[in-house]
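**Student:** What follows is final.pdb; its format and atoms are PDB, C-alpha atoms.
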ATOM      1  CA  MET A   1      42.081  34.050  -8.566
ATOM      2  CA  LYS A   2      38.713  34.213  -6.803
ATOM      3  CA  PHE A   3      36.924  34.260 -10.160
ATOM      4  CA  PHE A   4      38.966  31.249 -11.328
ATOM      5  CA  LEU A   5      38.105  29.271  -8.173
ATOM      6  CA  MET A   6      34.454  30.211  -8.509
ATOM      7  CA  MET A   7      34.371  28.952 -12.090
ATOM      8  CA  ILE A   8      35.918  25.647 -10.986
ATOM      9  CA  LEU A   9      33.259  25.250  -8.283
ATOM     10  CA  VAL A  10      30.460  26.057 -10.733
ATOM     11  CA  PHE A  11      31.875  23.580 -13.262
ATOM     12  CA  CYS A  12      32.100  20.819 -10.634
ATOM     13  CA  TYR A  13      28.551  21.552  -9.478
ATOM     14  CA  GLN A  14      27.283  21.277 -13.040
ATOM     15  CA  ILE A  15      29.005  17.915 -13.438
ATOM     16  CA  SER A  16      27.416  16.532 -10.268
ATOM     17  CA  ILE A  17      23.984  17.733 -11.356
ATOM     18  CA  ALA A  18      24.372  16.251 -14.838
ATOM     19  CA  ALA A  19      25.199  12.803 -13.451
ATOM     20  CA  GLU A  20      22.446  12.763 -10.830
ATOM     21  CA  ILE A  21      19.171  10.826 -11.185
ATOM     22  CA  PRO A  22      16.268  11.765  -8.899
ATOM     23  CA  PHE A  23      15.354   8.118  -8.256
ATOM     24  CA  HIS A  24      17.563   5.342  -6.929
ATOM     25  CA  ARG A  25      15.997   1.892  -6.531
ATOM     26  CA  GLY A  26      12.848   0.118  -7.606
ATOM     27  CA  VAL A  27      11.207  -2.823  -9.350
ATOM     28  CA  ASN A  28       9.647  -3.761 -12.680
ATOM     29  CA  LEU A  29       5.906  -4.482 -12.563
ATOM     30  CA  SER A  30       6.163  -6.995 -15.389
ATOM     31  CA  GLY A  31       3.306  -8.861 -17.039
ATOM     32  CA  TRP A  32       0.657  -6.271 -16.167
ATOM     33  CA  PHE A  33       0.595  -3.907 -19.163
ATOM     34  CA  GLN A  34       2.202  -6.401 -21.538
ATOM     35  CA  GLU A  35      -1.111  -7.607 -22.969
ATOM     36  CA  SER A  36      -1.969  -8.023 -26.651
ATOM     37  CA  ASN A  37      -4.483  -5.170 -26.464
ATOM     38  CA  ALA A  38      -5.579  -2.535 -23.981
ATOM     39  CA  ARG A  39      -8.859  -4.255 -23.100
ATOM     40  CA  LYS A  40      -6.989  -7.182 -21.572
ATOM     41  CA  ILE A  41      -5.251  -5.065 -18.925
ATOM     42  CA  GLN A  42      -6.615  -5.999 -15.495
ATOM     43  CA  LEU A  43      -6.330  -2.870 -13.380
ATOM     44  CA  ASN A  44      -7.264  -4.658 -10.162
ATOM     45  CA  ARG A  45      -4.100  -6.755 -10.355
ATOM     46  CA  TYR A  46      -2.261  -4.004  -8.456
ATOM     47  CA  SER A  47      -3.975  -1.596  -6.083
ATOM     48  CA  LYS A  48      -2.734   1.473  -4.279
ATOM     49  CA  GLU A  49      -1.915  -0.768  -1.314
ATOM     50  CA  ASN A  50       0.476  -2.781  -3.491
ATOM     51  CA  PHE A  51       2.344   0.388  -4.419
ATOM     52  CA  ILE A  52       2.494   1.352  -0.736
ATOM     53  CA  ASP A  53       4.004  -2.080  -0.022
ATOM     54  CA  ILE A  54       6.621  -1.565  -2.726
ATOM     55  CA  LYS A  55       7.492   1.875  -1.377
ATOM     56  CA  SER A  56       7.857   0.418   2.121
ATOM     57  CA  LEU A  57      10.732  -1.713   0.796
ATOM     58  CA  GLY A  58      12.694   1.476   0.144
ATOM     59  CA  CYS A  59      11.739   1.781  -3.520
ATOM     60  CA  ASP A  60      11.276   5.206  -5.066
ATOM     61  CA  VAL A  61      10.684   4.152  -8.699
ATOM     62  CA  ILE A  62       8.504   1.745 -10.684
ATOM     63  CA  ARG A  63       9.409   0.612 -14.197
ATOM     64  CA  LEU A  64       6.198  -0.288 -16.019
ATOM     65  CA  PRO A  65       6.807  -2.558 -19.048
ATOM     66  CA  VAL A  66       4.121  -1.827 -21.652
ATOM     67  CA  ASN A  67       3.376  -3.650 -24.911
ATOM     68  CA  LEU A  68       2.965  -0.182 -26.357
ATOM     69  CA  HIS A  69       2.802  -1.191 -30.006
ATOM     70  CA  ALA A  70      -0.267  -3.308 -29.240
ATOM     71  CA  MET A  71      -2.041  -0.506 -27.350
ATOM     72  CA  ILE A  72      -3.532   0.943 -30.525
ATOM     73  CA  LEU A  73      -6.843   1.139 -32.332
ATOM     74  CA  GLN A  74      -7.223  -1.041 -35.418
ATOM     75  CA  THR A  75      -7.362   1.981 -37.697
ATOM     76  CA  GLU A  76      -5.033   4.177 -39.728
ATOM     77  CA  PRO A  77      -3.135   6.273 -38.866
ATOM     78  CA  LEU A  78      -1.686   4.572 -35.786
ATOM     79  CA  THR A  79      -3.651   5.847 -32.807
ATOM     80  CA  VAL A  80      -3.160   5.023 -29.146
ATOM     81  CA  ASP A  81      -6.230   3.318 -27.684
ATOM     82  CA  PRO A  82      -8.020   5.617 -25.185
ATOM     83  CA  ILE A  83      -8.586   2.549 -23.008
ATOM     84  CA  PHE A  84      -4.827   2.231 -22.601
ATOM     85  CA  LEU A  85      -4.547   5.905 -21.655
ATOM     86  CA  PHE A  86      -7.291   5.393 -19.081
ATOM     87  CA  CYS A  87      -5.359   2.444 -17.620
ATOM     88  CA  LEU A  88      -2.116   4.418 -17.657
ATOM     89  CA  ASP A  89      -3.781   7.243 -15.753
ATOM     90  CA  TYR A  90      -4.775   4.752 -13.055
ATOM     91  CA  VAL A  91      -1.078   4.013 -12.461
ATOM     92  CA  LEU A  92       0.028   7.632 -12.827
ATOM     93  CA  ASP A  93      -2.535   8.826 -10.290
ATOM     94  CA  ILE A  94      -1.278   6.332  -7.702
ATOM     95  CA  THR A  95       2.436   6.870  -8.264
ATOM     96  CA  GLU A  96       2.112  10.655  -8.238
ATOM     97  CA  GLU A  97       0.069  10.552  -5.023
ATOM     98  CA  LEU A  98       2.740   8.376  -3.386
ATOM     99  CA  ASN A  99       5.604  10.431  -4.858
ATOM    100  CA  LEU A 100       6.942   7.408  -6.750
ATOM    101  CA  HIS A 101       8.775   7.901 -10.036
ATOM    102  CA  LEU A 102       7.271   5.976 -12.974
ATOM    103  CA  ILE A 103       9.086   4.825 -16.109
ATOM    104  CA  ILE A 104       6.813   4.070 -19.057
ATOM    105  CA  ASP A 105       8.909   1.324 -20.642
ATOM    106  CA  ASN A 106       8.090   0.497 -24.263
ATOM    107  CA  HIS A 107       8.432  -3.280 -23.885
ATOM    108  CA  SER A 108       6.861  -4.264 -27.194
ATOM    109  CA  PHE A 109       8.894  -7.140 -28.634
ATOM    110  CA  ASP A 110      10.055 -10.661 -27.964
ATOM    111  CA  PRO A 111      13.795 -10.227 -27.251
ATOM    112  CA  ALA A 112      14.434 -13.329 -29.400
ATOM    113  CA  VAL A 113      13.207 -11.395 -32.467
ATOM    114  CA  TYR A 114      15.554  -8.853 -34.020
ATOM    115  CA  THR A 115      14.429  -5.225 -34.198
ATOM    116  CA  SER A 116      13.357  -4.084 -37.638
ATOM    117  CA  PRO A 117      14.457  -0.632 -38.873
ATOM    118  CA  LEU A 118      10.764  -0.128 -39.696
ATOM    119  CA  VAL A 119      10.170   0.294 -35.963
ATOM    120  CA  LYS A 120      11.077   3.938 -36.521
ATOM    121  CA  ASP A 121       7.666   4.717 -38.019
ATOM    122  CA  THR A 122       5.778   3.150 -35.127
ATOM    123  CA  LEU A 123       7.909   4.862 -32.485
ATOM    124  CA  ILE A 124       7.522   8.255 -34.137
ATOM    125  CA  ALA A 125       3.760   7.725 -34.429
ATOM    126  CA  LEU A 126       3.093   6.573 -30.844
ATOM    127  CA  TRP A 127       5.498   8.399 -28.544
ATOM    128  CA  PRO A 128       4.247  11.926 -29.336
ATOM    129  CA  GLN A 129       0.743  10.720 -28.437
ATOM    130  CA  ILE A 130       1.973   9.449 -25.066
ATOM    131  CA  ALA A 131       3.861  12.708 -24.576
ATOM    132  CA  ALA A 132       0.759  14.765 -25.397
ATOM    133  CA  HIS A 133      -1.208  12.792 -22.820
ATOM    134  CA  CYS A 134       1.443  13.180 -20.097
ATOM    135  CA  GLN A 135       2.923  16.604 -20.855
ATOM    136  CA  ASN A 136       1.067  18.371 -18.048
ATOM    137  CA  ARG A 137       1.768  15.653 -15.496
ATOM    138  CA  SER A 138       4.473  15.862 -12.814
ATOM    139  CA  LYS A 139       8.206  15.463 -13.375
ATOM    140  CA  LEU A 140       7.928  11.946 -11.892
ATOM    141  CA  ILE A 141       7.194  10.428 -15.333
ATOM    142  CA  TYR A 142       9.837   9.133 -17.762
ATOM    143  CA  TYR A 143       9.640   7.858 -21.353
ATOM    144  CA  GLU A 144      11.807   4.819 -22.211
ATOM    145  CA  ILE A 145      11.935   4.658 -26.017
ATOM    146  CA  LEU A 146      12.332   0.892 -26.512
ATOM    147  CA  ASN A 147      13.350  -2.062 -24.390
ATOM    148  CA  GLU A 148      16.248  -4.232 -25.585
ATOM    149  CA  PRO A 149      16.567  -3.456 -29.304
ATOM    150  CA  SER A 150      18.666  -6.156 -30.950
ATOM    151  CA  GLY A 151      19.997  -7.207 -34.330
ATOM    152  CA  ILE A 152      20.019  -3.604 -35.487
ATOM    153  CA  ALA A 153      23.210  -1.647 -36.174
ATOM    154  CA  ASP A 154      24.171   0.766 -33.409
ATOM    155  CA  SER A 155      24.519   3.633 -35.884
ATOM    156  CA  LEU A 156      21.023   3.063 -37.276
ATOM    157  CA  TRP A 157      19.521   2.673 -33.817
ATOM    158  CA  ASN A 158      21.168   5.953 -32.801
ATOM    159  CA  GLU A 159      19.549   7.706 -35.758
ATOM    160  CA  ILE A 160      16.152   6.266 -34.876
ATOM    161  CA  GLN A 161      16.436   7.269 -31.223
ATOM    162  CA  GLN A 162      17.337  10.836 -32.188
ATOM    163  CA  LEU A 163      14.294  11.033 -34.466
ATOM    164  CA  VAL A 164      12.065   9.732 -31.661
ATOM    165  CA  ILE A 165      13.578  12.230 -29.212
ATOM    166  CA  ASN A 166      12.863  15.021 -31.700
ATOM    167  CA  SER A 167       9.257  13.856 -32.169
ATOM    168  CA  ILE A 168       8.661  13.824 -28.409
ATOM    169  CA  ARG A 169      10.273  17.229 -27.935
ATOM    170  CA  GLU A 170       7.886  18.782 -30.440
ATOM    171  CA  ILE A 171       5.190  18.015 -27.861
ATOM    172  CA  ASP A 172       6.900  17.726 -24.487
ATOM    173  CA  THR A 173      10.155  19.428 -23.477
ATOM    174  CA  PHE A 174       9.538  18.788 -19.781
ATOM    175  CA  HIS A 175       9.825  15.053 -19.154
ATOM    176  CA  THR A 176      13.035  13.027 -19.175
ATOM    177  CA  ILE A 177      13.582  10.480 -21.952
ATOM    178  CA  ILE A 178      15.474   7.210 -21.371
ATOM    179  CA  VAL A 179      17.735   6.000 -24.178
ATOM    180  CA  GLY A 180      19.657   2.750 -24.427
ATOM    181  CA  PRO A 181      22.034   0.832 -26.690
ATOM    182  CA  SER A 182      21.378  -1.971 -29.128
ATOM    183  CA  ASN A 183      22.396  -5.593 -28.431
ATOM    184  CA  TRP A 184      19.625  -6.014 -25.830
ATOM    185  CA  ASN A 185      20.641  -2.843 -23.962
ATOM    186  CA  SER A 186      24.094  -4.327 -23.382
ATOM    187  CA  TYR A 187      26.590  -2.347 -21.318
ATOM    188  CA  HIS A 188      29.152  -3.349 -23.945
ATOM    189  CA  ASN A 189      27.260  -1.212 -26.487
ATOM    190  CA  LEU A 190      26.931   1.918 -24.367
ATOM    191  CA  LYS A 191      30.129   3.217 -25.970
ATOM    192  CA  TYR A 192      28.435   3.193 -29.378
ATOM    193  CA  LEU A 193      25.652   5.554 -28.312
ATOM    194  CA  LYS A 194      25.927   8.946 -29.932
ATOM    195  CA  GLU A 195      25.849  12.213 -28.035
ATOM    196  CA  PHE A 196      22.192  12.971 -28.614
ATOM    197  CA  HIS A 197      20.943  16.497 -29.167
ATOM    198  CA  ASP A 198      19.044  16.717 -25.897
ATOM    199  CA  ASP A 199      20.094  17.640 -22.372
ATOM    200  CA  ASN A 200      17.242  15.881 -20.547
ATOM    201  CA  LEU A 201      18.160  12.219 -21.013
ATOM    202  CA  ILE A 202      18.979   9.199 -18.863
ATOM    203  CA  TYR A 203      21.056   6.369 -20.321
ATOM    204  CA  THR A 204      20.108   2.773 -19.547
ATOM    205  CA  PHE A 205      21.567  -0.733 -19.720
ATOM    206  CA  HIS A 206      20.680  -4.232 -18.461
ATOM    207  CA  PHE A 207      22.825  -6.630 -16.447
ATOM    208  CA  TYR A 208      22.468 -10.426 -16.242
ATOM    209  CA  ASP A 209      26.040 -11.700 -15.833
ATOM    210  CA  PRO A 210      27.314 -14.295 -15.428
ATOM    211  CA  PHE A 211      24.540 -15.504 -17.748
ATOM    212  CA  LEU A 212      24.951 -19.185 -16.820
ATOM    213  CA  PHE A 213      24.161 -18.276 -13.236
ATOM    214  CA  THR A 214      21.343 -15.771 -13.765
ATOM    215  CA  HIS A 215      19.558 -17.793 -16.474
ATOM    216  CA  GLN A 216      20.012 -21.403 -15.401
ATOM    217  CA  GLY A 217      16.651 -23.106 -15.943
ATOM    218  CA  ALA A 218      15.530 -20.593 -18.586
ATOM    219  CA  SER A 219      13.686 -22.395 -21.387
ATOM    220  CA  TRP A 220      13.756 -19.305 -23.657
ATOM    221  CA  ALA A 221      17.558 -19.172 -23.853
ATOM    222  CA  ASP A 222      19.304 -20.494 -26.980
ATOM    223  CA  PRO A 223      19.876 -23.353 -26.434
ATOM    224  CA  SER A 224      17.347 -23.969 -23.670
ATOM    225  CA  LEU A 225      18.932 -23.946 -20.202
ATOM    226  CA  GLU A 226      16.002 -25.799 -18.658
ATOM    227  CA  ASN A 227      18.207 -28.698 -17.534
ATOM    228  CA  LEU A 228      21.027 -26.539 -16.195
ATOM    229  CA  LYS A 229      20.888 -26.208 -12.421
ATOM    230  CA  ASN A 230      22.935 -25.500  -9.292
ATOM    231  CA  VAL A 231      25.472 -23.256 -11.002
ATOM    232  CA  PRO A 232      26.984 -21.463  -7.975
ATOM    233  CA  PHE A 233      27.906 -17.843  -7.395
ATOM    234  CA  PRO A 234      30.650 -17.188  -6.757
ATOM    235  CA  HIS A 235      32.139 -20.141  -8.615
ATOM    236  CA  ASN A 236      33.951 -21.460  -5.524
ATOM    237  CA  SER A 237      30.901 -21.506  -3.229
ATOM    238  CA  ALA A 238      30.023 -25.009  -4.466
ATOM    239  CA  PRO A 239      31.173 -27.464  -7.151
ATOM    240  CA  ILE A 240      30.424 -26.341 -10.696
ATOM    241  CA  PRO A 241      27.895 -28.823 -12.141
ATOM    242  CA  VAL A 242      28.746 -31.088 -15.052
ATOM    243  CA  CYS A 243      27.262 -30.102 -18.385
ATOM    244  CA  PRO A 244      23.825 -31.678 -19.011
ATOM    245  CA  ASP A 245      23.850 -34.135 -21.912
ATOM    246  CA  ASP A 246      21.551 -31.992 -24.059
ATOM    247  CA  LEU A 247      23.957 -29.036 -23.788
ATOM    248  CA  LYS A 248      27.184 -30.839 -24.624
ATOM    249  CA  GLY A 249      28.813 -29.501 -27.748
ATOM    250  CA  THR A 250      27.166 -26.074 -27.321
ATOM    251  CA  TRP A 251      28.584 -22.798 -26.019
ATOM    252  CA  VAL A 252      27.218 -23.783 -22.592
ATOM    253  CA  GLU A 253      29.724 -26.636 -22.190
ATOM    254  CA  THR A 254      32.592 -24.270 -22.970
ATOM    255  CA  ALA A 255      31.185 -21.604 -20.629
ATOM    256  CA  LEU A 256      30.945 -24.097 -17.761
ATOM    257  CA  LEU A 257      34.602 -25.031 -18.221
ATOM    258  CA  ASP A 258      35.447 -21.314 -18.150
ATOM    259  CA  TYR A 259      33.104 -20.465 -15.302
ATOM    260  CA  TYR A 260      35.857 -20.245 -12.697
ATOM    261  CA  LYS A 261      36.847 -17.003 -14.474
ATOM    262  CA  LYS A 262      33.388 -15.589 -15.187
ATOM    263  CA  GLY A 263      31.669 -16.587 -11.968
ATOM    264  CA  SER A 264      33.529 -14.294  -9.590
ATOM    265  CA  VAL A 265      32.749 -11.091  -7.738
ATOM    266  CA  LYS A 266      35.817  -9.549  -9.355
ATOM    267  CA  ASN A 267      34.499 -10.268 -12.844
ATOM    268  CA  VAL A 268      31.056  -8.839 -12.034
ATOM    269  CA  GLU A 269      32.639  -5.609 -10.814
ATOM    270  CA  GLU A 270      34.907  -5.389 -13.857
ATOM    271  CA  LEU A 271      31.891  -5.762 -16.162
ATOM    272  CA  LEU A 272      29.913  -3.104 -14.315
ATOM    273  CA  ASN A 273      32.956  -0.829 -14.519
ATOM    274  CA  ILE A 274      32.365  -0.780 -18.283
ATOM    275  CA  ALA A 275      28.992   0.881 -17.624
ATOM    276  CA  SER A 276      30.199   3.246 -14.911
ATOM    277  CA  ASP A 277      33.220   4.294 -16.994
ATOM    278  CA  PHE A 278      30.831   5.246 -19.799
ATOM    279  CA  SER A 279      28.818   7.396 -17.393
ATOM    280  CA  GLU A 280      31.920   9.138 -16.079
ATOM    281  CA  ASP A 281      33.523   9.641 -19.485
ATOM    282  CA  ARG A 282      30.372  11.090 -21.031
ATOM    283  CA  ASN A 283      29.194  12.826 -17.839
ATOM    284  CA  VAL A 284      25.698  11.372 -18.236
ATOM    285  CA  PRO A 285      23.293   9.834 -15.697
ATOM    286  CA  LEU A 286      23.116   6.021 -15.833
ATOM    287  CA  PHE A 287      20.313   3.644 -14.910
ATOM    288  CA  CYS A 288      20.155  -0.166 -14.895
ATOM    289  CA  GLY A 289      16.604  -0.971 -15.970
ATOM    290  CA  GLU A 290      16.889  -4.733 -15.437
ATOM    291  CA  PHE A 291      18.995  -7.142 -13.425
ATOM    292  CA  GLY A 292      18.092 -10.352 -11.646
ATOM    293  CA  VAL A 293      18.371 -14.128 -11.309
ATOM    294  CA  PHE A 294      15.856 -16.739 -12.482
ATOM    295  CA  MET A 295      14.764 -18.608  -9.356
ATOM    296  CA  PRO A 296      13.778 -22.220 -10.163
ATOM    297  CA  ASN A 297      17.236 -23.759 -10.658
ATOM    298  CA  SER A 298      19.533 -21.317  -8.847
ATOM    299  CA  PRO A 299      20.790 -21.855  -5.264
ATOM    300  CA  THR A 300      18.890 -19.471  -2.997
ATOM    301  CA  ALA A 301      21.821 -18.245  -0.894
ATOM    302  CA  ASP A 302      23.928 -17.636  -4.007
ATOM    303  CA  ARG A 303      21.083 -15.739  -5.677
ATOM    304  CA  VAL A 304      20.742 -13.485  -2.624
ATOM    305  CA  PHE A 305      24.511 -12.919  -2.551
ATOM    306  CA  TRP A 306      24.615 -11.998  -6.268
ATOM    307  CA  HIS A 307      21.897  -9.383  -5.752
ATOM    308  CA  GLN A 308      23.744  -7.990  -2.749
ATOM    309  CA  ILE A 309      27.021  -7.677  -4.677
ATOM    310  CA  VAL A 310      25.409  -6.066  -7.730
ATOM    311  CA  ARG A 311      23.388  -3.643  -5.606
ATOM    312  CA  GLU A 312      26.467  -2.591  -3.636
ATOM    313  CA  ILE A 313      28.390  -1.935  -6.842
ATOM    314  CA  PHE A 314      25.486   0.086  -8.252
ATOM    315  CA  GLU A 315      25.387   2.239  -5.148
ATOM    316  CA  LYS A 316      29.155   2.701  -5.122
ATOM    317  CA  LYS A 317      29.068   3.726  -8.790
ATOM    318  CA  ASN A 318      25.999   5.996  -8.432
ATOM    319  CA  ILE A 319      23.902   3.820 -10.779
ATOM    320  CA  SER A 320      20.145   3.857 -10.178
ATOM    321  CA  TRP A 321      18.290   0.581 -10.738
ATOM    322  CA  THR A 322      15.023  -1.314 -11.085
ATOM    323  CA  LEU A 323      15.094  -5.019 -10.296
ATOM    324  CA  TRP A 324      13.622  -7.489 -12.769
ATOM    325  CA  GLU A 325      11.064  -8.182 -11.352
ATOM    326  CA  TYR A 326       8.465  -7.874  -8.564
ATOM    327  CA  HIS A 327       6.588 -11.126  -9.224
ATOM    328  CA  HIS A 328       7.210 -14.172 -11.467
ATOM    329  CA  GLY A 329      10.396 -16.164 -12.042
ATOM    330  CA  PHE A 330      12.906 -13.420 -11.235
ATOM    331  CA  GLY A 331      10.770 -11.980  -8.454
ATOM    332  CA  LEU A 332      11.061 -11.202  -4.767
ATOM    333  CA  PHE A 333       8.687 -13.750  -3.320
ATOM    334  CA  ASN A 334       9.236 -17.263  -2.006
ATOM    335  CA  GLU A 335       7.275 -19.920  -3.882
ATOM    336  CA  GLU A 336       5.112 -20.865  -0.897
ATOM    337  CA  THR A 337       3.876 -17.271  -0.397
ATOM    338  CA  GLY A 338       1.784 -17.167  -3.558
ATOM    339  CA  GLY A 339       3.311 -13.750  -4.282
ATOM    340  CA  LEU A 340       1.586 -12.172  -1.293
ATOM    341  CA  PHE A 341       3.427  -9.306   0.388
TER     342      PHE A 341
END
Is it possible to give me this structure as structure tokens?
**Tutor:**
Amino acid sequence: MKFFLMMILVFCYQISIAAEIPFHRGVNLSGWFQESNARKIQLNRYSKENFIDIKSLGCDVIRLPVNLHAMILQTEPLTVDPIFLFCLDYVLDITEELNLHLIIDNHSFDPAVYTSPLVKDTLIALWPQIAAHCQNRSKLIYYEILNEPSGIADSLWNEIQQLVINSIREIDTFHTIIVGPSNWNSYHNLKYLKEFHDDNLIYTFHFYDPFLFTHQGASWADPSLENLKNVPFPHNSAPIPVCPDDLKGTWVETALLDYYKKGSVKNVEELLNIASDFSEDRNVPLFCGEFGVFMPNSPTADRVFWHQIVREIFEKKNISWTLWEYHHGFGLFNEETGGLF
């Protein structure tokens, strides 16, 4: 009986360890390493003091979006530019000194452009080089294979991710790799992820629902939501606006009519349950790499409330997160502050 009880305790302990992530909350430092080549990165954009400011907010992780596929020399075979590695070391030195976790996020494509299966060759060429450069660094570093793959079959994307994992593990068996689903890292597609042959992974997804609320004013949406404004959250906090003339006859008009269902706290929690159920069913650690609300056209109090609700659900469900983003349109700062801390 004692042996049986001991085995149960050991099993439960292993489950809790498997689902645990050593970081909890942070921000994306977007727009910094997303240049068209390494020589355009301006290191003085963020100093050590900026990272100290971020940590003072209670953050323990930075997600660093990198246009990795542009950080190469114009030669064959594909070779990571040493200038990029120099710039990366600048960030790694600071985050390691401050005991901040750092996610190197391969943020290489316009999300409006579908992911080509040919991306496999580039990923397999570049990630082992990053791994070789970082393999002797601290455990605080993570490799995120690719941000928001889309338009590619889940089964094919699974195969590609496994090949990339294998290529990294030939060099580096120490650092954790972050994998995510197709369909722009949708929580709906988490269920299609395979059980990868690696026990040092974190699974990621993104959350921007209800989309009409989080992306009102977004010119890059299809169709453009530039003229959509004052969509409330929750739906009953203010009147739902009438559909702008340029959006009539599109999916937006239908979504506005249906918003009383989608724009509720209950619906947000039900959607996030899809992600947390995946984590529990698979017994894998889960991380939300992006969530946020575009500022220009959204009511301030509602935007703050949405973040509060989503954060509380994340914490209740043991989901670590990085907010999109520190500066810019989804950022933390009021317009009149000029982005100063």
**Student:** Could you expand the PyMOL selection byres ((chain A and resi 140) around 8) into the explicit residues it covers here, written as a list in words?
**Tutor:** Glu96, Asn99, Leu100, His101, Leu102, Ser138, Lys139, Ile141 and Tyr142 of chain A
**Student:** Counting all atoms listed in the file, what is within 8 Å of Ile319 of chain A, bar same-chain residues fewer than 3 positions away, as a count of residues only?
**Tutor:** 9
**Student:** Name the residues that the PyMOL selection byres ((chain A and resi 39) around 12) pulls out of this structure, and write them as a PyMOL selection string.
**Tutor:** chain A and resi 32-38+40-43+70-73+81-87
**Student:** For the file shown, report as JSON, numbers by chain the outcome of the PyMOL selection byres ((chain A and resi 78) around 12) at residue level.
**Tutor:** {"A": [68, 69, 70, 71, 72, 73, 74, 75, 76, 77, 79, 80, 81, 121, 122, 123, 124, 125, 126, 127, 128, 129]}
**Student:** Find the nearest atom pair between each residue of segment 103-140 of chain A and segment 170-190 of chain A for residues within 10 Å, count only C-alpha atoms, give distances in Å to one decimal, sort rows by chain and ascending number, and present the table as CSV.
**Tutor:**
residue,atom,partner,partner_atom,distance
A:Ile103,CA,A:Ile178,CA,8.6
A:Ile104,CA,A:Ile178,CA,9.5
A:Asp105,CA,A:Ile178,CA,8.8
A:Pro111,CA,A:Trp184,CA,7.3
A:Ala112,CA,A:Trp184,CA,9.7
A:Tyr114,CA,A:Asn183,CA,9.4
A:Thr115,CA,A:Ser182,CA,9.2
A:Trp127,CA,A:Ile171,CA,9.6
A:Pro128,CA,A:Ile171,CA,6.3
A:Gln129,CA,A:Ile171,CA,8.6
A:Ile130,CA,A:Ile171,CA,9.6
A:Ala131,CA,A:Asp172,CA,5.9
A:Ala132,CA,A:Ile171,CA,6.0
A:His133,CA,A:Asp172,CA,9.6
A:Cys134,CA,A:Asp172,CA,8.3
A:Gln135,CA,A:Asp172,CA,5.5
A:Asn136,CA,A:Phe174,CA,8.7
A:Arg137,CA,A:His175,CA,8.9
A:Ser138,CA,A:His175,CA,8.3
A:Lys139,CA,A:His175,CA,6.0
A:Leu140,CA,A:His175,CA,8.1
**Student:** Would you kindly return, as a PDB file with C-alpha atoms, in the coordinates of the input, each protein, DNA or RNA residue with an atom no farther than 9 Å from any atom of Gly263 of chain A, considering only C-alpha atoms and excluding same-chain residues fewer than 2 positions away?
**Tutor:**
ATOM      1  CA  ASP A 209      26.040 -11.700 -15.833  1.00  0.00           C
ATOM      2  CA  PRO A 210      27.314 -14.295 -15.428  1.00  0.00           C
ATOM      3  CA  LEU A 212      24.951 -19.185 -16.820  1.00  0.00           C
ATOM      4  CA  PHE A 213      24.161 -18.276 -13.236  1.00  0.00           C
ATOM      5  CA  PRO A 232      26.984 -21.463  -7.975  1.00  0.00           C
ATOM      6  CA  PHE A 233      27.906 -17.843  -7.395  1.00  0.00           C
ATOM      7  CA  PRO A 234      30.650 -17.188  -6.757  1.00  0.00           C
ATOM      8  CA  HIS A 235      32.139 -20.141  -8.615  1.00  0.00           C
ATOM      9  CA  ASN A 236      33.951 -21.460  -5.524  1.00  0.00           C
ATOM     10  CA  ASP A 258      35.447 -21.314 -18.150  1.00  0.00           C
ATOM     11  CA  TYR A 259      33.104 -20.465 -15.302  1.00  0.00           C
ATOM     12  CA  TYR A 260      35.857 -20.245 -12.697  1.00  0.00           C
ATOM     13  CA  LYS A 261      36.847 -17.003 -14.474  1.00  0.00           C
ATOM     14  CA  VAL A 265      32.749 -11.091  -7.738  1.00  0.00           C
ATOM     15  CA  LYS A 266      35.817  -9.549  -9.355  1.00  0.00           C
ATOM     16  CA  ASN A 267      34.499 -10.268 -12.844  1.00  0.00           C
ATOM     17  CA  VAL A 268      31.056  -8.839 -12.034  1.00  0.00           C
TER      18      VAL A 268
END
**Student:** Tell me, in Å to one decimal, how far atom CA of Gly26 of chain A is from atom CA of Ser150 of chain A.
**Tutor:**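 If I compute the distance from atom CA of Gly26 of chain A to atom CA of Ser150 of chain A, I get 24.9 Å.
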**Student:** Each side padded by 8 Å, which centre and which edge lengths in Å (one decimal) define the axis-aligned box around the listed atoms of segment 35-41 of chain A? Give them as AutoDock Vina command-line options.
**Tutor:**
--center_x -5.0 --center_y -5.3 --center_z -22.8 --size_x 23.7 --size_y 21.5 --size_z 23.7
**Student:** Just give me the gap between atom CA of Pro65 of chain A and atom CA of His107 of chain A in Å, one decimal is fine.
**Tutor:**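 Straight-line distance from atom CA of Pro65 of chain A to atom CA of His107 of chain A works out to 5.2 Å.
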**Student:** Rounded to one decimal place, report the atom CA of Glu270 of chain A-atom CA of Leu201 of chain A distance in Å.
**Tutor:** 25.3 Å
**Student:** Could you pull out every residue with an atom within 10 Å of (16.4, -18.7, -18.2), file coordinates, counting all atoms listed in the file, and send them as a count of residues only?
**Tutor:** 23
**Student:** Leaving out His328 of chain A and any residue of its chain fewer than 5 positions from it, which residues lie within 12 Å of it when counting all atoms listed in the file, given as a ChimeraX atom specification?
**Tutor:** /A:28-32,292-296,333-335,337-340
**Student:** Between A:Val164, A:Leu323, A:Ala255, A:Leu332, which has the minimum distance to Ile62 of chain A (counting all atoms listed in the file)?
**Tutor:**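 The answer is A:Leu323, which sits nearest to Ile62 of chain A.
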**Student:** Which of these residues is nearest to Cys59 of chain A, using only C-alpha atoms: A:Leu146, A:Leu193, A:Leu98, A:Leu88?
**Tutor:**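 Ranked by minimum distance to Cys59 of chain A, first place goes to A:Leu98.
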**Student:** Using only C-alpha atoms, determine which residues lie at most 12 Å from Asp281 of chain A, disregarding the query and same-chain residues fewer than 5 positions distant; provide the list as a list of chain:residue names.
**Tutor:**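 That gives A:Ile15, A:Ala19, A:Leu190, A:Lys191, A:Glu195, A:Asn273, A:Ile274, A:Ala275, A:Ser276, A:Leu286.
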